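Trainee: Here it is: the structure, laid out below.
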Amino acid sequence: MKTAMHISKSSAGRWLIWSGFAVALVIAPKIFSQGASLSLLSQIGTLMIFGLSFNMLLGQGGMLSFGHAVYSGLGAFFAIHAMNLATEGTLPIPVSLIPLVGGVAGMFFGVLFGYVTTKKSGTTFSMITLGMVELVFASSLMFPKFFGGEGGISTNRVIGKAVWGITYGPQIEVYYLIAFWLFICTIAMFAFTQTPLGRMINAVRDNPERAEFIGYNTQWVRYLTLILSAFFAGISGGLSAINFEIVTAENVSAIRSGAVLLFSFIGGIGYFFGPMIGAVVGVFLTVMLSDFTKAWQLYLGVFFILIVMYAPGGLAGIWVANYRMVKFKKWQQLLPSLWKVLLASALIFVGCVMAIEMLYQRSLALDQGPEVTIFGMTLNVMENSSWLIAGVLVMAGFVLLSLFKTAFTSAWGTAVSEIEAAILKGAE
């Protein structure tokens, strides 16, 4: 009876999460309705699918791929060609199903390239995928008829007659198309984690020798997983083609592959929803932050380094850890030291941002004037006092952090030990 109640609660929790996810997708345009919000939401949606498909390889299978953009990019090219054929009347296919064209194309190339790349694992697999993405990128410039050369291939997503009044001209209609495919793909990729193949790819990741010992072909497990991953990556590419109405060689470049790797790590590859968080942060850092500062790439790099060094579980891991603290009511014993650590970190952050922005102003934009406004303060990059303020903030932050870090680490370790003891006691 106790087990049945536990399963019932678990099922109810999952229904609640998926229902909340669906509601969030529906009402998001109502909440974020100003300026280019719809465009940003659409980019986040496609990047979420791309990140989840990549995490099927890295997070679930332990396969670090540097060439995952090949499948999304080639899927995007086939999708945009299909749209152009539909515009000419040669291929009778609605825009709503164009992502499937990208998915099938991604799966085809997954079958083609995956058979070679998955013959090896570990570092060798990563190097092969890196060579593969460079090969495809070079081919994109050698075959301009298909890839469009440096200018790429453009299209018009408004095809044929409107169905139920939907033309996909307005961005809101494109957003809801992306949201629909995001919801379906997310469910499908989560369902994959519960299948025997999904369980076996976890086993191959953790202990390939033991998986082979009990009779499984680890190469075929990796191969089938890559094919499915390529399918979903192709769908994200097809949605990107619809959203932007243009596909270029950059879609199959190592830069795109590196970006999804970066964002997935930031979100947390150890959690299913980690790449979804990473997609939100990635779009914010690359699109929104770039409108405010020229140093956005520096901030992105530093943020990534800090995540890898101090939070290897990513933002999802940070959220889960803090959720456990709240669930087991341990926050009260953390607060006395936590706010001090946050204060010290804030001082370091403010001081570093001031120094970076002043340095960029002095090096790249001095012709626009020596003054720069940061956090509401106007600083003159040619005056020593401005640099002194930034230096004092950073130094004060590091001194305070060194004083308060030990107490916070001790309090956190004690709370974790108490939580683990409570879990073991409940299991007994």
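The chains in the structure tokens are called A, B, ... from first to last as shown; in each chain the residues are counted from 1, and the ligands are counted from 1 in the order shown.
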Name all residues at most 10 Å from Gly110 of chain A (count only C-alpha atoms; drop same-chain ones fewer than 4 positions away) and give them as a PyMOL selection string.

Mentor: chain A and resi 68+70-71+104-106+114-117+223-231+233-234

Trainee: Might you pull out every residue within 9 Å of Trp331 of chain A, with only C-alpha atoms counted and same-chain residues fewer than 5 positions away left off, and present them as a list in words?

Mentor: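 In the requested format, the answer is Asn322, Met325, Val326 and Ala415 of chain A.
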
Trainee: Ranking A:Ser154, A:Thr193, A:Asn202, A:Ser257 by minimum distance to Leu64 of chain A and counting only C-alpha atoms, which one comes first?

Mentor: A:Ser257

Trainee: Skip Ser140 of chain A itself and residues of its chain fewer than 5 positions away, then list as a ChimeraX atom specification all residues within 7 Å of it, counting only C-alpha atoms.

Mentor: /A:147,149,249

Trainee: Grab the atom CA of Ser236 of chain A to atom CA of Met132 of chain A distance for me, in Å with one decimal place.

Mentor: 19.7 Å

Trainee: Calculated over only C-alpha atoms, which of the candidates A:Ile419, A:Leu100, A:Ala407, A:Ala211 has the smallest distance to Pro336 of chain A?

Mentor: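 Nearest candidate to Pro336 of chain A out of A:Ile419, A:Leu100, A:Ala407, A:Ala211: A:Ala407.
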
Trainee: When you look at segment 281-291 of chain A with a cut-off of 10 Å (counting only C-alpha atoms), what residues show up, excluding the ones that are within fewer than 4 positions of it in the same chain? I need them as a list in words.

Mentor: Ala36, Leu40, Leu41, Gln43, Ile44, Leu47, Ala259, Val260, Leu262, Phe263, Ser264, Ile266, Gly267, Pro275, Met276, Ile277, Ala295, Trp296, Gln297, Tyr299, Leu300, Phe303 and Leu315 of chain A

Trainee: What parts of segment 91-332 of chain A does DSSP call strand (DSSP E or B)? I'd like the answer as a list of chain:residue names.

Mentor: A:Ile153, A:Ser154, A:Val163, A:Ile166, A:Ile246, A:Val247

Trainee: I'd like the neighbourhood of Gln219 of chain A as a PDB file with N, CA and C atoms, in the first residue's frame, where a residue qualifies if any of its atoms comes within 8 Å (using only C-alpha atoms), though same-chain residues fewer than 4 positions away should be ignored.

Mentor:
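Dumped everything to out.pdb:
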ATOM      1  N   THR A 118      30.778   6.429 -33.808  1.00  0.00           N
ATOM      2  CA  THR A 118      30.524   5.654 -32.591  1.00  0.00           C
ATOM      3  C   THR A 118      31.332   4.372 -32.513  1.00  0.00           C
ATOM      4  N   LYS A 119      32.155   4.101 -33.497  1.00  0.00           N
ATOM      5  CA  LYS A 119      33.042   2.944 -33.403  1.00  0.00           C
ATOM      6  C   LYS A 119      34.067   3.133 -32.291  1.00  0.00           C
ATOM      7  N   LYS A 120      34.330   4.386 -31.947  1.00  0.00           N
ATOM      8  CA  LYS A 120      35.244   4.705 -30.867  1.00  0.00           C
ATOM      9  C   LYS A 120      34.493   5.495 -29.806  1.00  0.00           C
ATOM     10  N   TYR A 223      25.407   4.062 -31.142  1.00  0.00           N
ATOM     11  CA  TYR A 223      24.984   4.372 -32.508  1.00  0.00           C
ATOM     12  C   TYR A 223      23.489   4.694 -32.570  1.00  0.00           C
TER      13      TYR A 223
END

Trainee: For segment 373-379 of chain A, please output as a list in words all residues within 12 Å (counting only C-alpha atoms; exclusion window: fewer than 6 positions along the same chain).

Mentor: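 So, after excluding close chain neighbours, the residues are Phe292, Thr293, Phe349, Val350, Gly351, Cys352, Val353, Met354, Ala355, Ile356, Glu357, Met358, Leu359, Gln361, Arg362, Ser385, Ser386, Trp387, Leu388, Ile389 and Ala390 of chain A.
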
Trainee: Would you save the residues from that selection as a compact mmCIF listing (two decimals), in the first residue's frame, using C-alpha atoms?

Mentor:
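That gives us result35.txt:
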# COMPACT_ATOMS: atom_id res chain seq x y z
CA PHE A 292 24.53 46.31 -23.38
CA THR A 293 28.25 45.59 -23.48
CA PHE A 349 31.30 41.24 -9.22
CA VAL A 350 30.68 44.99 -9.21
CA GLY A 351 34.37 45.81 -9.03
CA CYS A 352 35.29 43.40 -11.84
CA VAL A 353 32.49 44.69 -14.10
CA MET A 354 33.59 48.27 -13.51
CA ALA A 355 37.21 47.40 -14.36
CA ILE A 356 36.27 45.43 -17.48
CA GLU A 357 33.91 48.08 -18.84
CA MET A 358 36.43 50.85 -18.23
CA LEU A 359 39.15 48.82 -19.91
CA GLN A 361 36.04 51.91 -23.08
CA ARG A 362 39.66 52.98 -22.87
CA SER A 385 40.15 57.52 -8.87
CA SER A 386 37.81 55.47 -11.06
CA TRP A 387 40.28 52.58 -11.24
CA LEU A 388 40.92 52.91 -7.51
CA ILE A 389 37.23 52.47 -6.74
CA ALA A 390 37.07 49.29 -8.82

Trainee: Env of segment 196-199 of chain A: 12 Å cut, atoms = only C-alpha atoms, seq-sep filter 5 positions within chain, self excluded. Answer as number ranges by chain.

Mentor: A: 56-57, 59-61, 188-191, 204-206, 211, 216-218, 220-226, 228-229

Trainee: Of the candidates A:Met200, A:Val26, A:Val95, A:Val247, which one gets nearest to Val163 of chain A if we count only C-alpha atoms?

Mentor: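 Going through A:Met200, A:Val26, A:Val95, A:Val247 one by one, the smallest distance to Val163 of chain A is for A:Val95.
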
Trainee: Of the candidates A:Val394, A:Val341, A:Leu177, A:Leu16, which one gets nearest to Ile235 of chain A if we count only C-alpha atoms?

Mentor: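 That would be A:Leu177, the residue with the smallest distance to Ile235 of chain A.
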
Trainee: To one decimal in Å, tell me the separation between atom CA of Gly268 of chain A and atom CA of Gly317 of chain A.

Mentor: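 Atom CA of Gly317 of chain A lies 6.4 Å from atom CA of Gly268 of chain A.
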
Trainee: Could you tell me which of A:Ile348, A:Gly237, A:Ala279, A:Gly102 comes closest to Met395 of chain A if we count only C-alpha atoms?

Mentor: A:Ile348

Trainee: Got a sec to tell me which of segment 157-219 of chain A DSSP assigns to helix (DSSP H, G or I), as a PyMOL selection string?

Mentor: chain A and resi 171-193+196-206+208-213+218-219

Trainee: Rounded to one decimal place, report the atom CA of Gly151 of chain A-atom CA of Leu239 of chain A distance in Å.

Mentor: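 Going from atom CA of Gly151 of chain A over to atom CA of Leu239 of chain A covers 19.5 Å.
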
Trainee: Considering only C-alpha atoms, state which residue in the set A:Gly397, A:Pro99, A:Pro29, A:Gly20 is at the smallest distance from Cys185 of chain A.

Mentor: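 Using only C-alpha atoms, Cys185 of chain A sits closest to A:Pro99.
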